[in-house]
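Student: I'm passing along data_3.txt; it holds compact mmCIF, C-alpha atoms.
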# COMPACT_ATOMS: atom_id res chain seq x y z
CA MET C 1367 1.83 10.00 -10.12
CA LYS C 1368 1.33 11.73 -13.42
CA CYS C 1369 -2.22 10.99 -14.28
CA CYS C 1370 -3.10 14.22 -16.12
CA ALA C 1371 -3.37 12.48 -19.46
CA VAL C 1372 -5.86 10.01 -18.09
CA ARG C 1373 -7.75 12.89 -16.49
CA SER C 1374 -7.85 14.65 -19.86
CA TRP C 1375 -9.21 11.50 -21.36
CA LEU C 1376 -11.83 11.36 -18.64
CA LEU C 1377 -12.93 14.88 -19.50
CA VAL C 1378 -13.29 13.85 -23.14
CA LEU C 1379 -15.30 10.84 -22.07
CA THR C 1380 -17.55 12.89 -19.83
CA ALA C 1381 -18.23 15.37 -22.62
CA ALA C 1382 -18.88 12.61 -25.11
CA LEU C 1383 -21.27 10.91 -22.77
CA ALA C 1384 -23.39 14.02 -22.66
CA LEU C 1385 -23.92 14.07 -26.41
CA VAL C 1386 -25.37 10.74 -27.42
CA GLY C 1387 -28.51 9.04 -26.20
CA CYS C 1388 -29.43 6.02 -24.12
CA THR C 1389 -32.03 5.13 -21.59
CA GLU C 1390 -31.80 6.40 -18.07
CA GLU C 1391 -32.12 2.89 -16.65
CA ARG C 1392 -29.11 1.65 -18.56
CA ALA C 1393 -27.13 4.66 -17.42
CA VAL C 1394 -28.01 4.02 -13.78
CA VAL C 1395 -26.82 0.45 -14.10
CA VAL C 1396 -23.46 1.49 -15.51
CA LYS C 1397 -22.97 4.24 -12.95
CA THR C 1398 -23.78 1.92 -10.06
CA ALA C 1399 -21.24 -0.62 -11.24
CA ALA C 1400 -18.55 2.01 -11.84
CA ASP C 1401 -19.17 3.53 -8.39
CA ALA C 1402 -18.87 0.14 -6.74
CA PHE C 1403 -15.61 -0.62 -8.53
CA ALA C 1404 -14.16 2.78 -7.61
CA ALA C 1405 -15.21 2.50 -3.96
CA LYS C 1406 -13.74 -0.97 -3.60
CA SER C 1407 -10.50 0.09 -5.29
CA GLN C 1408 -10.17 3.17 -3.11
CA GLY C 1409 -10.81 1.06 -0.01
CA ALA C 1410 -8.13 -1.39 -1.11
CA ILE C 1411 -5.61 1.41 -1.69
CA ASP C 1412 -6.33 2.74 1.81
CA ALA C 1413 -5.88 -0.75 3.27
CA VAL C 1414 -2.53 -1.23 1.55
CA THR C 1415 -1.33 2.19 2.64
CA ASP C 1416 -2.42 1.54 6.23
CA LEU C 1417 -0.40 -1.67 6.17
CA TYR C 1418 2.72 0.22 5.11
CA LEU C 1419 2.14 2.93 7.69
CA ARG C 1420 1.91 0.22 10.33
CA HIS C 1421 5.21 -1.16 9.03
CA ASP C 1422 6.72 2.29 9.44
CA LEU C 1423 5.19 3.46 12.70
CA GLY C 1424 3.70 0.46 14.43
CA GLN C 1425 0.20 0.01 15.75
CA ALA C 1426 -1.81 3.15 16.28
CA PRO C 1427 -2.15 3.58 20.05
CA ASP C 1428 -5.68 3.89 21.38
CA ASP C 1429 -6.79 6.84 23.50
CA ASN C 1430 -6.54 4.90 26.76
CA SER C 1431 -2.93 3.93 26.24
CA GLN C 1432 -2.05 7.49 25.26
CA ILE C 1433 -3.77 8.86 28.34
CA LYS C 1434 -1.91 6.35 30.53
CA ALA C 1435 1.40 7.31 28.92
CA ALA C 1436 0.67 11.02 29.31
CA THR C 1437 -0.26 10.47 32.98
CA LYS C 1438 2.97 8.56 33.58
CA ASP C 1439 5.00 11.31 31.90
CA PHE C 1440 3.19 13.86 34.04
CA LEU C 1441 3.99 11.98 37.26
CA ASP C 1442 7.60 11.40 36.20
CA GLN C 1443 8.10 15.09 35.55
CA ALA C 1444 6.25 16.15 38.69
CA GLY C 1445 8.53 13.87 40.67
CA LYS C 1446 11.61 15.58 39.26
CA ASP C 1447 10.66 19.22 39.40
CA ALA C 1448 7.01 20.16 39.68
CA THR C 1449 7.77 23.83 39.09
CA GLN C 1450 8.94 23.04 35.55
CA LEU C 1451 5.89 21.01 34.67
CA LYS C 1452 4.17 21.93 31.41
CA LEU C 1453 1.09 19.81 31.08
CA PRO C 1454 0.20 20.73 27.49
CA ASN C 1455 3.67 19.63 26.36
CA VAL C 1456 3.31 16.28 28.08
CA ILE C 1457 -0.02 15.66 26.41
CA ALA C 1458 1.24 16.83 23.03
CA VAL C 1459 4.15 14.39 23.18
CA GLU C 1460 1.93 11.43 23.89
CA PHE C 1461 -0.77 12.39 21.47
CA ASN C 1462 1.52 13.00 18.50
CA TRP C 1463 0.85 9.69 16.78
CA ILE C 1464 -1.89 10.98 14.49
CA GLY C 1465 0.26 13.92 13.48
CA ALA C 1466 3.23 11.65 12.80
CA ARG C 1467 1.06 9.35 10.71
CA GLU C 1468 -0.35 12.20 8.65
CA ARG C 1469 3.11 13.67 8.06
CA LEU C 1470 4.47 10.32 6.92
CA LEU C 1471 1.45 9.73 4.71
CA ALA C 1472 1.95 13.07 2.98
CA ALA C 1473 5.73 12.72 2.67
CA ASN C 1474 6.10 9.09 1.64
CA TYR C 1475 2.78 8.10 0.13
CA PRO C 1476 1.52 11.14 -1.81
CA GLN C 1477 0.66 8.84 -4.72
CA ALA C 1478 -2.00 7.14 -2.61
CA ALA C 1479 -4.29 10.17 -2.81
CA ASP C 1480 -3.57 10.59 -6.54
CA LEU C 1481 -4.32 6.98 -7.26
CA LYS C 1482 -7.55 7.05 -5.29
CA LYS C 1483 -8.61 10.18 -7.16
CA LEU C 1484 -8.00 8.46 -10.47
CA TYR C 1485 -10.45 5.71 -9.56
CA GLY C 1486 -12.91 8.31 -8.32
CA ASP C 1487 -12.59 10.30 -11.54
CA PHE C 1488 -13.23 7.16 -13.55
CA ALA C 1489 -16.54 6.59 -11.76
CA ALA C 1490 -17.38 10.29 -11.86
CA ALA C 1491 -17.27 10.21 -15.66
CA TYR C 1492 -20.58 8.38 -15.48
CA ALA C 1493 -22.07 10.61 -12.82
CA LYS C 1494 -24.35 12.71 -15.00
CA LEU C 1495 -25.87 9.83 -16.90
CA PRO C 1496 -28.79 9.07 -14.60
CA GLU C 1497 -29.79 12.73 -14.69
CA GLY C 1498 -30.86 12.32 -18.28
CA SER C 1499 -27.60 12.79 -20.10
CA ALA C 1500 -26.70 10.41 -22.78
CA PHE C 1501 -24.20 7.67 -23.36
CA ALA C 1502 -22.58 6.62 -26.62
CA ALA C 1503 -22.05 2.92 -27.09
CA ARG C 1504 -18.61 3.58 -28.52
CA ASP C 1505 -17.62 5.55 -25.42
CA VAL C 1506 -18.89 2.85 -23.11
CA VAL C 1507 -16.78 0.24 -24.87
CA CYS C 1508 -13.87 2.63 -24.93
CA SER C 1509 -14.15 3.24 -21.20
CA ALA C 1510 -13.73 -0.50 -20.75
CA HIS C 1511 -10.12 0.02 -21.79
CA LEU C 1512 -9.51 2.38 -18.92
CA ALA C 1513 -11.37 0.02 -16.61
CA ALA C 1514 -9.00 -2.73 -17.76
CA LEU C 1515 -5.97 -0.62 -16.93
CA LEU C 1516 -7.33 0.21 -13.47
CA THR C 1517 -8.38 -3.39 -12.86
CA LYS C 1518 -4.93 -4.68 -13.74
CA ARG C 1519 -3.39 -2.40 -11.09
CA MET C 1520 -5.55 -4.02 -8.42
CA ALA C 1521 -4.83 -7.59 -9.57
CA ASP C 1522 -1.09 -6.95 -9.87
CA ALA C 1523 -0.94 -5.40 -6.40
CA ALA C 1524 -2.90 -8.34 -4.94
CA LYS C 1525 -0.35 -10.76 -6.34
CA LYS C 1526 2.61 -8.71 -5.14
CA VAL C 1527 1.38 -8.36 -1.56
CA ASN C 1528 0.38 -12.03 -1.52
CA LYS C 1529 3.82 -13.09 -2.74
CA THR C 1530 5.76 -10.77 -0.42
CA PRO C 1531 3.65 -9.77 2.59
CA VAL C 1532 4.32 -6.43 4.26
CA THR C 1533 5.89 -6.95 7.66
CA PHE C 1534 5.01 -5.05 10.81
CA GLY C 1535 8.61 -3.85 10.57
CA LYS C 1536 8.86 -1.55 13.58
CA GLU C 1537 6.86 -3.76 15.91
CA ILE C 1538 8.72 -6.91 14.90
CA THR C 1539 12.04 -5.18 15.50
CA ASP C 1540 10.89 -3.84 18.86
CA SER C 1541 9.59 -7.28 19.79
CA ASP C 1542 12.92 -8.89 18.90
CA THR C 1543 14.67 -6.43 21.18
CA VAL C 1544 12.30 -7.26 24.05
CA ILE C 1545 12.87 -10.99 23.52
CA ARG C 1546 16.63 -10.55 23.46
CA LYS C 1547 16.58 -8.60 26.72
CA ALA C 1548 14.17 -11.07 28.33
CA ALA C 1549 16.37 -13.97 27.26
CA GLU C 1550 19.42 -12.32 28.83
CA ALA C 1551 17.50 -11.66 32.04
CA ALA C 1552 16.12 -15.21 32.07
CA ALA C 1553 19.58 -16.67 31.69
CA LYS C 1554 20.78 -14.68 34.70
CA SER C 1555 17.76 -15.18 36.97
CA ASN C 1556 16.77 -18.66 35.83
CA LYS C 1557 13.18 -17.40 35.54
CA ALA C 1558 11.64 -17.54 32.11
CA ASP C 1559 8.22 -15.95 32.75
CA ASP C 1560 9.02 -12.65 31.06
CA LEU C 1561 10.68 -14.43 28.17
CA GLU C 1562 7.62 -16.57 27.64
CA VAL C 1563 5.38 -13.49 27.63
CA ALA C 1564 7.67 -11.82 25.10
CA VAL C 1565 7.74 -14.89 22.85
CA ARG C 1566 3.96 -15.19 23.03
CA ALA C 1567 3.62 -11.52 22.09
CA ARG C 1568 5.96 -12.04 19.13
CA ALA C 1569 3.94 -15.04 17.93
CA ALA C 1570 0.69 -13.09 18.25
CA LEU C 1571 2.21 -10.22 16.27
CA VAL C 1572 3.26 -12.52 13.43
CA LYS C 1573 -0.21 -14.04 13.37
CA GLU C 1574 -1.82 -10.60 13.28
CA GLN C 1575 0.57 -9.58 10.50
CA ALA C 1576 -0.47 -12.58 8.40
CA GLY C 1577 -4.14 -11.77 8.96
CA ALA C 1578 -3.70 -8.12 8.03
CA ASN C 1579 -1.89 -9.03 4.81
CA ALA C 1580 -4.50 -11.63 3.91
CA LEU C 1581 -7.26 -9.05 4.37
CA VAL C 1582 -5.45 -6.53 2.17
CA VAL C 1583 -4.95 -9.14 -0.57
CA GLN C 1584 -8.65 -9.98 -0.30
CA LYS C 1585 -9.63 -6.34 -0.74
CA LEU C 1586 -7.37 -5.89 -3.75
CA THR C 1587 -8.67 -9.09 -5.31
CA ASP C 1588 -12.25 -8.09 -4.60
CA ALA C 1589 -11.64 -4.77 -6.34
CA ALA C 1590 -9.97 -6.51 -9.28
CA GLU C 1591 -12.86 -8.92 -9.70
CA SER C 1592 -15.33 -6.04 -9.54
CA GLY C 1593 -13.33 -4.29 -12.25
CA ALA C 1594 -13.37 -7.39 -14.42
CA ALA C 1595 -17.14 -7.72 -13.97
CA LEU C 1596 -17.55 -4.03 -14.82
CA MET C 1597 -15.54 -4.53 -17.99
CA THR C 1598 -17.82 -7.36 -19.06
CA LEU C 1599 -20.78 -5.10 -18.46
CA LEU C 1600 -19.26 -2.23 -20.43
CA GLU C 1601 -18.16 -4.43 -23.33
CA GLY C 1602 -21.64 -5.87 -23.75
CA TYR C 1603 -23.37 -2.56 -23.27
CA ASP C 1604 -24.26 -2.11 -26.92
CA ASN C 1605 -25.59 -5.59 -27.49
CA VAL C 1606 -27.33 -6.80 -24.38
CA SER C 1607 -30.71 -6.15 -22.82
CA LEU C 1608 -31.32 -4.09 -19.70
CA ALA C 1609 -31.99 -7.34 -17.84
CA ASP C 1610 -28.57 -8.63 -18.83
CA LEU C 1611 -27.01 -5.36 -17.73
CA LEU C 1612 -28.73 -5.70 -14.38
CA ARG C 1613 -27.35 -9.19 -14.01
CA GLY C 1614 -23.97 -7.72 -14.87
CA VAL C 1615 -24.15 -5.06 -12.20
CA ARG C 1616 -25.14 -7.68 -9.65
CA SER C 1617 -21.93 -9.52 -10.45
CA VAL C 1618 -19.96 -6.31 -9.79
CA LEU C 1619 -21.65 -5.84 -6.43
CA ALA C 1620 -21.75 -9.51 -5.44
CA VAL C 1621 -18.00 -9.97 -5.26
CA GLY C 1622 -16.76 -9.58 -1.72
CA VAL C 1623 -14.00 -10.18 0.78
CA ARG C 1624 -13.81 -13.87 1.64
CA LEU C 1625 -12.50 -14.11 5.16
CA GLY C 1626 -10.50 -17.25 5.85
CA GLU C 1627 -9.90 -18.08 2.21
CA ALA C 1628 -6.52 -19.75 1.59
CA SER C 1629 -3.96 -17.40 0.09
CA ASP C 1630 -3.39 -19.58 -2.97
CA ALA C 1631 -7.13 -19.55 -3.66
CA THR C 1632 -7.14 -15.74 -3.46
CA GLU C 1633 -4.13 -15.59 -5.77
CA LYS C 1634 -5.94 -17.85 -8.21
CA ARG C 1635 -8.78 -15.33 -8.32
CA ALA C 1636 -6.32 -12.51 -9.08
CA ASP C 1637 -4.69 -14.73 -11.72
CA ASP C 1638 -8.10 -15.35 -13.28
CA VAL C 1639 -8.69 -11.61 -13.58
CA LEU C 1640 -5.30 -11.10 -15.22
CA ALA C 1641 -5.90 -14.07 -17.54
CA LYS C 1642 -9.21 -12.56 -18.58
CA LEU C 1643 -7.52 -9.22 -19.33
CA ASN C 1644 -4.69 -10.89 -21.21
CA SER C 1645 -7.07 -12.96 -23.30
CA LYS C 1646 -8.47 -9.89 -25.04
CA PRO C 1647 -6.42 -8.98 -28.13
CA ASP C 1648 -7.74 -5.40 -28.16
CA LEU C 1649 -6.29 -4.86 -24.67
CA ALA C 1650 -2.82 -6.17 -25.49
CA ASN C 1651 -1.34 -2.72 -26.02
CA VAL C 1652 -3.56 -0.93 -23.50
CA LEU C 1653 -2.40 -3.10 -20.59
CA LYS C 1654 1.24 -2.26 -21.23
CA LEU C 1655 0.57 1.43 -20.76
CA PRO C 1656 1.32 3.26 -17.52
CA LEU C 1657 -1.58 5.13 -15.99
CA ASN C 1658 -0.27 8.42 -17.36
CA SER C 1659 -0.73 7.28 -20.96
CA LYS C 1660 -3.24 8.50 -23.47
CA LEU C 1661 -5.60 5.86 -24.68
CA ASP C 1662 -5.55 6.66 -28.40
CA SER C 1663 -8.55 4.52 -29.18
CA CYS C 1664 -10.66 6.80 -27.02
CA GLN C 1665 -9.62 10.13 -28.49
CA MET W 1312 13.92 -12.64 -9.13
CA THR W 1313 12.80 -9.44 -10.88
CA ASN W 1314 14.81 -6.23 -10.59
CA ASP W 1315 12.19 -4.80 -8.20
CA GLU W 1316 12.39 -7.88 -6.03
CA GLN W 1317 16.19 -7.73 -6.08
CA VAL W 1318 16.13 -4.11 -4.86
CA LEU W 1319 13.70 -4.93 -2.07
CA PHE W 1320 15.66 -8.04 -1.10
CA ASP W 1321 18.95 -6.15 -0.89
CA THR W 1322 17.35 -3.33 1.11
CA ASP W 1323 15.78 -5.84 3.45
CA ARG W 1324 19.15 -7.56 4.02
CA ALA W 1325 20.82 -4.18 4.56
CA LEU W 1326 18.22 -3.30 7.18
CA ALA W 1327 18.75 -6.64 8.92
CA ALA W 1328 22.48 -5.98 9.06
CA ALA W 1329 21.90 -2.49 10.43
CA TYR W 1330 19.52 -3.82 13.09
CA ALA W 1331 22.04 -6.47 14.12
CA THR W 1332 24.72 -3.81 14.51
CA TYR W 1333 22.30 -1.65 16.45
CA ASP W 1334 21.46 -4.42 18.91
CA GLN W 1335 25.09 -5.06 19.72
CA GLY W 1336 26.22 -1.47 19.47
CA THR W 1337 27.30 1.06 22.04
CA ALA W 1338 25.04 3.92 23.07
CA ALA W 1339 26.85 6.12 20.56
CA ASP W 1340 26.34 3.54 17.79
CA LYS W 1341 22.66 3.37 18.61
CA ALA W 1342 22.22 7.12 18.61
CA ALA W 1343 23.91 7.36 15.22
CA LEU W 1344 22.10 4.40 13.69
CA GLN W 1345 18.53 4.85 14.91
CA PRO W 1346 17.41 7.75 12.68
CA LYS W 1347 19.18 6.32 9.65
CA ILE W 1348 17.60 2.92 10.12
CA ASP W 1349 14.17 4.51 10.55
CA ALA W 1350 14.66 6.55 7.38
CA LEU W 1351 15.74 3.51 5.38
CA ARG W 1352 12.90 1.36 6.71
CA GLN W 1353 10.39 4.03 5.73
CA ALA W 1354 12.01 4.57 2.32
CA TRP W 1355 11.88 0.81 1.75
CA ALA W 1356 8.17 0.78 2.55
CA SER W 1357 7.23 3.70 0.31
CA THR W 1358 9.29 2.21 -2.53
CA ARG W 1359 7.44 -1.06 -2.16
CA TRP W 1360 4.12 0.75 -2.16
CA ARG W 1361 4.97 2.37 -5.48
CA MET W 1362 6.15 -0.92 -6.93
CA ASP W 1363 2.95 -2.64 -5.82
CA PHE W 1364 0.76 -0.20 -7.67
CA GLN W 1365 2.76 1.31 -10.48
CA GLY W 1366 4.33 -1.67 -12.11
CA SER W 1367 7.54 0.18 -12.93
CA GLU W 1368 10.66 -1.95 -12.85
CA ALA W 1369 14.00 -0.93 -11.34
CA THR W 1370 16.83 -0.67 -13.86
CA ASP W 1371 19.89 -2.90 -13.81
CA GLU W 1372 21.95 0.11 -12.75
CA GLN W 1373 19.69 0.79 -9.77
CA VAL W 1374 19.88 -2.87 -8.77
CA ALA W 1375 23.68 -2.70 -8.89
CA GLN W 1376 23.76 0.50 -6.82
CA VAL W 1377 21.54 -0.90 -4.10
CA HIS W 1378 23.52 -4.14 -4.05
CA GLN W 1379 26.76 -2.22 -3.61
CA LEU W 1380 25.33 -0.16 -0.76
CA ARG W 1381 24.05 -3.30 0.94
CA ALA W 1382 27.59 -4.68 0.89
CA ALA W 1383 28.90 -1.52 2.54
CA ILE W 1384 26.25 -1.71 5.26
CA GLU W 1385 26.90 -5.39 5.90
CA ALA W 1386 30.60 -4.67 6.16
CA GLY W 1387 29.94 -2.45 9.15
CA ALA W 1388 26.76 -0.49 9.64
CA SER W 1389 28.20 1.60 12.44
CA GLN W 1390 31.38 2.46 10.55
CA GLN W 1391 31.53 5.71 8.65
CA GLN W 1392 31.11 4.01 5.29
CA GLY W 1393 28.25 1.90 6.55
CA LEU W 1394 26.43 4.90 8.00
CA ALA W 1395 26.92 6.80 4.75
CA ALA W 1396 25.63 3.80 2.80
CA LEU W 1397 22.47 3.72 4.93
CA VAL W 1398 21.79 7.35 4.13
CA GLN W 1399 22.60 6.85 0.44
CA MET W 1400 20.33 3.84 0.16
CA ALA W 1401 17.41 5.71 1.72
CA GLY W 1402 18.05 8.64 -0.60
CA LEU W 1403 18.30 6.39 -3.63
CA LEU W 1404 14.97 4.76 -2.84
CA ALA W 1405 13.30 8.09 -2.15
CA THR W 1406 14.49 9.78 -5.35
CA ASN W 1407 15.31 7.25 -8.05
CA PHE W 1408 12.27 5.14 -7.39
CA ALA W 1409 9.85 8.03 -6.96
CA ALA W 1410 6.97 8.17 -9.39
Can you dump the structure from the file as structure tokens?

Tutor:
Amino acid sequence: MKCCAVRSWLLVLTAALALVGCTEERAVVVKTAADAFAAKSQGAIDAVTDLYLRHDLGQAPDDNSQIKAATKDFLDQAGKDATQLKLPNVIAVEFNWIGARERLLAANYPQAADLKKLYGDFAAAYAKLPEGSAFAARDVVCSAHLAALLTKRMADAAKKVNKTPVTFGKEITDSDTVIRKAAEAAAKSNKADDLEVAVRARAALVKEQAGANALVVQKLTDAAESGAALMTLLEGYDNVSLADLLRGVRSVLAVGVRLGEASDATEKRADDVLAKLNSKPDLANVLKLPLNSKLDSCQ
Amino acid sequence: MTNDEQVLFDTDRALAAAYATYDQGTAADKAALQPKIDALRQAWASTRWRMDFQGSEATDEQVAQVHQLRAAIEAGASQQQGLAALVQMAGLLATNFAA
């Protein structure tokens, strides 16, 4: 992702923030809220990426299952020709999942790290404020525009994943193959035990898939709502009291993942965030911009 | 259906056709198909990731290309044209839809 222009803008913002005055307490409030928004957004990006990696590679095996598989490979090879046995190779084969995951992450999802950094940079622009640096009201309001852009990304992604959940592609395919084989065997042997086990496993997988998607949508929505609350805080920065700002930061922090919430209710929350963004005339052009755009109003 | 959704839908259907061919295929079919299916499945996923976050929309031309490749795969995933279409579709997703 080309986010250099936004980064340049962040540098301008950081420099501007150091020039003009405000109280340390107000600065701490803003920084806390921006940090919370960035952390939630980065967590949501990780959760989405993990979901896609699971689609690609399946469930990450735990150590026990890898040790069992390595032991089985060891015994299989020892049974064939013990003189040719190379233990380190056996272990390397079974313990390659982390390496495979990291390779796939770097090759297919390099934008994940870039996107996370963008959110981190946004929060970092406020980092020096509590140390006594200053904050210009104009810059705070201006930074709300960038917050809007970043918030919209979270709300849009929440709606997309909610509308079209990510499947556990590899595992579902593997499970279908197991069921097909079990069904063939059951037809021949007239015993359906293995088939039943396979069907139960498939049903459990689908249920787990739905739960994983719901959690990801929750995290994205949570991040979007935090962004919207942060925007409110930034927009009112010049006009409201410290007490009001503190109430504002509480609303950024208070949002959270709501386990068990119906998917349409979660989507409604994402819709509400987007409606709030779309209701602001000054954001009309900003929200159409890709993340690599310059925000002219902040130059 | 948006252009993005159309691309994902066609890719999904193409994958389903390839899987069906794989399941009923010979050992040689399976050996030829497996890496290509894996590559397309992974390209599909990374394309969707980018669409989720970047909000860029596929062009009409890209939609048409993917649709055409899907047809070739559905016509016979283990045939030469079908195998080539699998590779082309994965390549198209990996390059044309990259950020």

Student: Would you mind reading off the distance between CA of Asp1630 in chain C and CA of Leu1326 in chain W, one decimal, in Å?

Tutor: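 Answer for the CA of Asp1630 in chain C to CA of Leu1326 in chain W separation: 28.9 Å.
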
Student: Once you count all atoms listed in the file, what closest atom pair and distance in Å to one decimal does each residue of chain W within 12 Å of chain C have, with rows by chain and rising residue number, as a Markdown table?

Tutor:
| residue | atom | partner | partner_atom | distance |
| --- | --- | --- | --- | --- |
| W:Met1312 | CA | C:Lys1529 | CA | 12.0 |
| W:Thr1313 | CA | C:Lys1526 | CA | 11.7 |
| W:Asp1315 | CA | C:Lys1526 | CA | 10.8 |
| W:Glu1316 | CA | C:Thr1530 | CA | 9.2 |
| W:Leu1319 | CA | C:Thr1530 | CA | 10.0 |
| W:Phe1320 | CA | C:Thr1530 | CA | 10.3 |
| W:Asp1323 | CA | C:Gly1535 | CA | 10.3 |
| W:Leu1326 | CA | C:Gly1535 | CA | 10.2 |
| W:Ala1327 | CA | C:Thr1539 | CA | 9.5 |
| W:Ala1329 | CA | C:Thr1539 | CA | 11.4 |
| W:Tyr1330 | CA | C:Thr1539 | CA | 8.0 |
| W:Ala1331 | CA | C:Thr1539 | CA | 10.2 |
| W:Tyr1333 | CA | C:Thr1543 | CA | 10.2 |
| W:Asp1334 | CA | C:Thr1543 | CA | 7.4 |
| W:Gln1335 | CA | C:Thr1543 | CA | 10.6 |
| W:Gln1345 | CA | C:Lys1536 | CA | 11.7 |
| W:Ile1348 | CA | C:Lys1536 | CA | 10.4 |
| W:Asp1349 | CA | C:Asp1422 | CA | 7.9 |
| W:Ala1350 | CA | C:Asp1422 | CA | 9.2 |
| W:Leu1351 | CA | C:Asp1422 | CA | 10.0 |
| W:Arg1352 | CA | C:Asp1422 | CA | 6.8 |
| W:Gln1353 | CA | C:Asp1422 | CA | 5.5 |
| W:Ala1354 | CA | C:Asn1474 | CA | 7.5 |
| W:Trp1355 | CA | C:Asp1422 | CA | 9.4 |
| W:Ala1356 | CA | C:Tyr1418 | CA | 6.0 |
| W:Ser1357 | CA | C:Asn1474 | CA | 5.7 |
| W:Thr1358 | CA | C:Asn1474 | CA | 8.7 |
| W:Arg1359 | CA | C:Tyr1418 | CA | 8.8 |
| W:Trp1360 | CA | C:Thr1415 | CA | 7.4 |
| W:Arg1361 | CA | C:Gln1477 | CA | 7.8 |
| W:Met1362 | CA | C:Ala1523 | CA | 8.4 |
| W:Asp1363 | CA | C:Ala1523 | CA | 4.8 |
| W:Phe1364 | CA | C:Ala1523 | CA | 5.6 |
| W:Gln1365 | CA | C:Arg1519 | CA | 7.2 |
| W:Gly1366 | CA | C:Arg1519 | CA | 7.8 |
| W:Ser1367 | CA | C:Pro1656 | CA | 8.3 |
| W:Glu1368 | CA | C:Pro1656 | CA | 11.7 |
| W:Ala1401 | CA | C:Asn1474 | CA | 11.8 |
| W:Leu1404 | CA | C:Asn1474 | CA | 10.8 |
| W:Ala1405 | CA | C:Asn1474 | CA | 8.2 |
| W:Thr1406 | CA | C:Asn1474 | CA | 10.9 |
| W:Phe1408 | CA | C:Asn1474 | CA | 11.6 |
| W:Ala1409 | CA | C:Met1367 | CA | 8.8 |
| W:Ala1410 | CA | C:Met1367 | CA | 5.5 |

Student: Looking at W:Ala1396, W:Val1374, W:Leu1344, W:Ala1339, which one is nearest to Gln1317 in chain W, with distances taken over all atoms listed in the file?

Tutor: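 Checking each candidate against Gln1317 in chain W, we get W:Val1374 as the closest.
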
Student: In Å, how far is it from CA of Met1597 in chain C to CA of Glu1627 in chain C?

Tutor: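 Separation of CA of Met1597 in chain C and CA of Glu1627 in chain C: 25.0 Å.
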
Student: Rounded to one decimal, what separation in Å do you get between CA of Ala1393 in chain C and CA of Gly1593 in chain C?

Tutor: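 One can read the CA of Ala1393 in chain C to CA of Gly1593 in chain C distance as 17.2 Å.
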
Student: Please provide as a list in words all residues within 10 Å of Ala1578 in chain C, with the sequence filter that same-chain residues fewer than 4 positions apart are discarded (counting all atoms listed in the file).

Tutor: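 My reading of the contact set: Ala1413, Val1414, Asp1416, Leu1417, Pro1531, Val1532, Thr1533, Phe1534, Val1572, Lys1573, Glu1574, Val1582, Val1583 and Gln1584 of chain C.
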